[in-house]
Amino acid sequence: MDEQEAQRRKKLEELRERGINPYPNDFVPSHRAEDIYQSHEGQDAQALVALDVRYQIAGRMMALRSFGKAAFLNVQDRSGTIQVYLQKNTLSEEQFEIFKKFVEVGDIVGVAGKPMRTRTGELTIHADEFRLLSKNVRPLPEKFHGLRDVEIRYRRRYLDLIVNREVSEVFVLRARILRYLRAFFDGRAFLEVETPMMHPLAGGATARPFTTHHNALDMELYMRVAPELYLKRLLVGGLERVYELNRCFRNEGISTLHNPEFSMLEFYQAYANYQDLMRLTEELLNGLCMEICGESRIMLQEQEIRFETPFARVTVKAAVAKSLAVDEAQLADRSFLLQQAKQAQISIDEDWPSGKLLMALFEGLVEEKLIQPTFVHDFPIEVSPLSRKKDGQEELVDRFELYIAGRELANAFSELNDPDDQKQRFEAQMEAKAQGDEEAMPYDEDYIRALEYGMPPAAGEGIGIDRLVMLFANVPSIRDVILFPLLRPEH
């Protein structure tokens with residue numbers, strides 16, 4: 001315990017000895033700082049004097065300037081900060097004594113009084129009542145306005161929110177984005193649903209799962225890597241348009257674009273294909289941009305991102321061929337793909353099939369260069385175990401991924417609803433798992449049974465919420481848009 005904390009704890013005990021509760025719960029604010037500013041915008045000092053209004057506000061004291069028998073303090077609530085003026089002759093003797101002797105920056109206080117303007121014109125509450133509502137025993141960082149240690153910011157998000165007001169704006173923006181997404185799909189007759197977060201099988205995506213154990217049933221369960229197979233069961237059941245804003249878990253690495261626990265929007269529409277979802281996605285993102293920014297473009301660091309429709313479209317093969325400056329026909333040669341991957345020093349397994357090698361080249365050479373919104377489509381079947389085969393080109397599937405600013409933002413495809421084809425794909429995944437592929441999907445017998453009852457032709461899509469918020473918040477790391485990102489334990 002440092003000296004400042006020791007002094008604050010001493011004051012805390014003295015308050016208790018006096019019979020004063022340092023943590024009361026009987027003060028109710030009547031207004032927020034923002035409300036008061038809006039109510040008196042444009043009113044001068046004389047106009048405020050003539051008003052018969054009184055406000056009660058509460059918040060954290062972020063600054064204090066004391067002048068003996070008077071003081072100015074800045075009180076910060078959820079809407080912003082407002083200045084408060086205290087005078088000995090306008091407070092009770094006990095209130096002023098408590099303020100002078102026991103209150104410090106970081107304490108949560110309640111004040112009441114009339115609005116005024118100072119000589120410099122700043123709107124201020126002239127307090128006639130003062131209350132200590134929560135005694136702070138651990139002082140804020142000395143230079144709290146400049147807190148920039150990212151380790152502290154992410155690990156102690158509560159402190160980050162107190163001292164960096166722009167951080168709370170990111171999470172207000174996140175909430176706005178989620179509200180828009182819900183309104184968008186609700187307005188198009190989609191039904192919001194909830195599916196299990198603990199699965200008996202780790203299906204729906206090629207990813208390593210987290211495992212847990214249910215004691216009463218004595219069975220191993222997996223935290224969901226994706227809700228896809230449950231949502232498609234709902235299509236079988238006749239819920240033709242569904243969406244879920246869900247939390248997923250993948251036991252994989254941590255980076256500026258990956259957190260083991262993350263948020264996804266997944267939606268499925270019967271009697272639609274992946275091209276229909278391209279158009280829907282364009283409408284969704286262009287509308288979101290207009291809602292948030294008032295125009296169809298944003299700035300991401302130094303780069304302008306434009307959401308005018310239609311977005312660019314390119315096939316996987318065409319994108320890789322352009323990057324390598326070769327003809328697309330050459331990409332049909334597996335040995336050529338293997339050679340190019342080695343030359344580019346891309347990590348691969350020499351036993352991989354052509355489709356997997358092609359995707360390794362795409363991810364290593366193309367992905368980060370796709371800055372403007374771009375639909376990349378016609379994926380190899382080897383990396384798409386749940387997608388419908390492309391008519392006339394059965395080595396490909398009807399699938400797209402959306403890339404913005406070099407990041408994958410969405411993944412969508414026309415759904416595979418042929419139970420025999422799906423069964424063969426699952427069997428191929430099981431073979432890959434037996435050969436050491438930890439991300440391969442398990443064989444889901446009940447899902448095959450559901451398809452055998454008949455799933456309508458459909459398309460589905462997943463959009464990464466965290467990456468979407470990163471775009472519109474103009475922040476470089478996924479940890480900036482997750483309130484409590486996973487971190488290594490403190491040592």
# chains A, B, ... in the order shown; residues from 1 in each chain; ligands from 1
>>> select_by_dssp(residues="range 59-195 of chain A", states="strand (DSSP E)", output="short mmCIF file (atom, residue, chain, number, x, y, z; two decimals) with C-alpha atoms, in the first residue's frame")
data_model
loop_
_atom_site.label_atom_id
_atom_site.label_comp_id
_atom_site.auth_asym_id
_atom_site.auth_seq_id
_atom_site.Cartn_x
_atom_site.Cartn_y
_atom_site.Cartn_z
CA GLY A 59 -20.41 11.47 -10.92
CA ARG A 60 -16.69 11.08 -10.38
CA MET A 61 -14.66 14.13 -9.40
CA MET A 62 -11.94 14.37 -12.04
CA ALA A 63 -10.34 17.72 -11.13
CA LEU A 64 -10.25 20.06 -8.14
CA ARG A 65 -9.11 23.65 -7.73
CA SER A 66 -9.51 24.84 -4.14
CA ALA A 70 -14.43 28.12 -2.38
CA ALA A 71 -13.53 25.50 -4.98
CA PHE A 72 -14.14 24.46 -8.56
CA LEU A 73 -14.44 20.78 -9.38
CA ASN A 74 -15.15 18.83 -12.53
CA VAL A 75 -17.75 16.08 -12.16
CA GLN A 76 -17.87 13.38 -14.82
CA ASP A 77 -20.97 11.26 -15.42
CA GLY A 80 -19.68 14.00 -20.02
CA THR A 81 -18.17 16.47 -17.56
CA ILE A 82 -19.58 19.59 -15.96
CA GLN A 83 -17.99 22.17 -13.68
CA VAL A 84 -19.27 22.68 -10.13
CA TYR A 85 -18.65 25.71 -7.91
CA LEU A 86 -18.63 25.21 -4.14
CA GLN A 87 -18.70 28.05 -1.57
CA ILE A 108 -17.82 9.90 -6.54
CA VAL A 109 -19.92 12.83 -5.37
CA GLY A 110 -23.42 14.21 -5.62
CA VAL A 111 -24.15 17.94 -5.90
CA ALA A 112 -27.26 20.04 -6.31
CA GLY A 113 -27.66 23.67 -7.27
CA LYS A 114 -28.55 26.24 -9.87
CA PRO A 115 -26.82 26.85 -13.21
CA MET A 116 -24.53 29.87 -13.63
CA ARG A 117 -21.78 31.08 -15.90
CA LEU A 123 -21.62 26.73 -17.65
CA THR A 124 -21.32 25.71 -13.99
CA ILE A 125 -23.50 24.31 -11.21
CA HIS A 126 -23.43 26.64 -8.16
CA ALA A 127 -23.87 24.02 -5.46
CA ASP A 128 -26.12 24.46 -2.43
CA GLU A 129 -25.79 20.76 -1.51
CA PHE A 130 -22.79 18.44 -1.56
CA ARG A 131 -22.58 14.69 -0.78
CA LEU A 132 -19.76 12.17 -0.77
CA LEU A 133 -21.26 9.06 -2.43
CA SER A 134 -18.29 6.71 -2.79
CA LEU A 191 -36.43 -13.98 -36.64
CA GLU A 192 -33.80 -13.49 -33.93
#
>>> select_by_dssp(residues="range 155-243 of chain A", states="helix (DSSP H, G or I)", output="PyMOL selection string")
chain A and resi 155+157-163+165-186+228-236
>>> residues_around(residues="Ala428 in chain A", least_positions_apart="5", cutoff="9 Å", atoms="only C-alpha atoms", output="list in words")
Pro385, Lys423 and Lys433 of chain A
>>> closest_residue(among="A:Ala318, A:Ile404, A:Ala207, A:Leu280", to="Ile305 in chain A", atoms="only C-alpha atoms")
A:Ile404
>>> residues_around(residues="Arg176 in chain A", least_positions_apart="5", cutoff="9 Å", atoms="only C-alpha atoms", output="PyMOL selection string")
chain A and resi 171+181+292
>>> write_last_selection(atoms="C-alpha atoms", output="PDB file, in the first residue's frame")
ATOM      1  CA  PHE A 171     -18.548   0.934 -26.830  1.00  0.00           C
ATOM      2  CA  LEU A 181     -28.084  -4.837 -37.289  1.00  0.00           C
ATOM      3  CA  ILE A 292     -23.164   5.940 -38.326  1.00  0.00           C
TER       4      ILE A 292
END
>>> closest_atom_pairs(of="range 100-162 of chain A", to="range 7-22 of chain A", cutoff="9 Å", atoms="only C-alpha atoms", output="JSON lines")
{"residue": "A:Lys101", "atom": "CA", "partner": "A:Lys11", "partner_atom": "CA", "distance": 8.3}
{"residue": "A:Phe102", "atom": "CA", "partner": "A:Lys11", "partner_atom": "CA", "distance": 6.0}
{"residue": "A:Val103", "atom": "CA", "partner": "A:Lys11", "partner_atom": "CA", "distance": 8.9}
{"residue": "A:Glu104", "atom": "CA", "partner": "A:Arg8", "partner_atom": "CA", "distance": 8.6}
{"residue": "A:Leu132", "atom": "CA", "partner": "A:Pro22", "partner_atom": "CA", "distance": 6.6}
{"residue": "A:Leu133", "atom": "CA", "partner": "A:Pro22", "partner_atom": "CA", "distance": 6.4}
{"residue": "A:Ser134", "atom": "CA", "partner": "A:Pro22", "partner_atom": "CA", "distance": 5.8}
{"residue": "A:Lys135", "atom": "CA", "partner": "A:Pro22", "partner_atom": "CA", "distance": 5.8}
{"residue": "A:Asn136", "atom": "CA", "partner": "A:Arg8", "partner_atom": "CA", "distance": 7.4}
{"residue": "A:Val137", "atom": "CA", "partner": "A:Arg8", "partner_atom": "CA", "distance": 5.2}
{"residue": "A:Arg138", "atom": "CA", "partner": "A:Arg8", "partner_atom": "CA", "distance": 7.6}
{"residue": "A:Pro139", "atom": "CA", "partner": "A:Arg8", "partner_atom": "CA", "distance": 8.4}
>>> write_last_selection(atoms="N, CA and C atoms", output="PDB file, in the first residue's frame")
ATOM      1  N   LYS A 101     -12.079  18.278   4.110  1.00  0.00           N
ATOM      2  CA  LYS A 101     -11.212  17.383   4.871  1.00  0.00           C
ATOM      3  C   LYS A 101     -11.087  15.987   4.265  1.00  0.00           C
ATOM      4  N   PHE A 102     -12.142  15.525   3.569  1.00  0.00           N
ATOM      5  CA  PHE A 102     -12.166  14.115   3.194  1.00  0.00           C
ATOM      6  C   PHE A 102     -12.242  13.826   1.693  1.00  0.00           C
ATOM      7  N   VAL A 103     -12.599  14.799   0.886  1.00  0.00           N
ATOM      8  CA  VAL A 103     -12.875  14.527  -0.529  1.00  0.00           C
ATOM      9  C   VAL A 103     -11.647  14.800  -1.390  1.00  0.00           C
ATOM     10  N   GLU A 104     -11.392  13.887  -2.334  1.00  0.00           N
ATOM     11  CA  GLU A 104     -10.232  13.999  -3.221  1.00  0.00           C
ATOM     12  C   GLU A 104     -10.626  13.609  -4.643  1.00  0.00           C
ATOM     13  N   LEU A 132     -20.731  13.190  -0.389  1.00  0.00           N
ATOM     14  CA  LEU A 132     -19.761  12.165  -0.769  1.00  0.00           C
ATOM     15  C   LEU A 132     -20.527  10.855  -0.929  1.00  0.00           C
ATOM     16  N   LEU A 133     -20.471  10.256  -2.138  1.00  0.00           N
ATOM     17  CA  LEU A 133     -21.256   9.058  -2.430  1.00  0.00           C
ATOM     18  C   LEU A 133     -20.431   7.776  -2.472  1.00  0.00           C
ATOM     19  N   SER A 134     -19.141   7.900  -2.762  1.00  0.00           N
ATOM     20  CA  SER A 134     -18.286   6.711  -2.794  1.00  0.00           C
ATOM     21  C   SER A 134     -16.844   7.148  -2.651  1.00  0.00           C
ATOM     22  N   LYS A 135     -16.214   6.759  -1.545  1.00  0.00           N
ATOM     23  CA  LYS A 135     -14.835   7.167  -1.270  1.00  0.00           C
ATOM     24  C   LYS A 135     -13.864   6.314  -2.069  1.00  0.00           C
ATOM     25  N   ASN A 136     -13.017   6.978  -2.814  1.00  0.00           N
ATOM     26  CA  ASN A 136     -11.989   6.315  -3.610  1.00  0.00           C
ATOM     27  C   ASN A 136     -10.759   6.108  -2.726  1.00  0.00           C
ATOM     28  N   VAL A 137     -10.378   4.836  -2.519  1.00  0.00           N
ATOM     29  CA  VAL A 137      -9.208   4.569  -1.681  1.00  0.00           C
ATOM     30  C   VAL A 137      -7.971   4.239  -2.508  1.00  0.00           C
ATOM     31  N   ARG A 138      -8.156   4.039  -3.794  1.00  0.00           N
ATOM     32  CA  ARG A 138      -7.004   3.789  -4.670  1.00  0.00           C
ATOM     33  C   ARG A 138      -6.942   4.939  -5.665  1.00  0.00           C
ATOM     34  N   PRO A 139      -5.941   5.818  -5.538  1.00  0.00           N
ATOM     35  CA  PRO A 139      -5.915   7.022  -6.387  1.00  0.00           C
ATOM     36  C   PRO A 139      -5.765   6.691  -7.864  1.00  0.00           C
TER      37      PRO A 139
END
>>> residues_around(residues="Ala473 in chain A", least_positions_apart="3", cutoff="7 Å", atoms="only C-alpha atoms", output="ChimeraX atom specification")
/A:170,469-470
>>> write_last_selection(atoms="C-alpha atoms", output="PDB file, in the first residue's frame")
ATOM      1  CA  VAL A 170     -16.165   3.071 -28.855  1.00  0.00           C
ATOM      2  CA  VAL A 469     -16.720  -2.302 -34.956  1.00  0.00           C
ATOM      3  CA  MET A 470     -12.959  -1.946 -35.510  1.00  0.00           C
TER       4      MET A 470
END
>>> residues_around(residues="Arg78 in chain A", least_positions_apart="5", cutoff="10 Å", atoms="only C-alpha atoms", output="PyMOL selection string")
chain A and resi 32-34+58-60+162+165+168
>>> closest_residue(among="A:Lys232, A:Arg399, A:Arg479, A:Arg306", to="Leu257 in chain A", atoms="only C-alpha atoms")
A:Arg479
>>> closest_residue(among="A:Thr212, A:His40, A:Glu240, A:Met264", to="Pro227 in chain A", atoms="only C-alpha atoms")
A:Met264
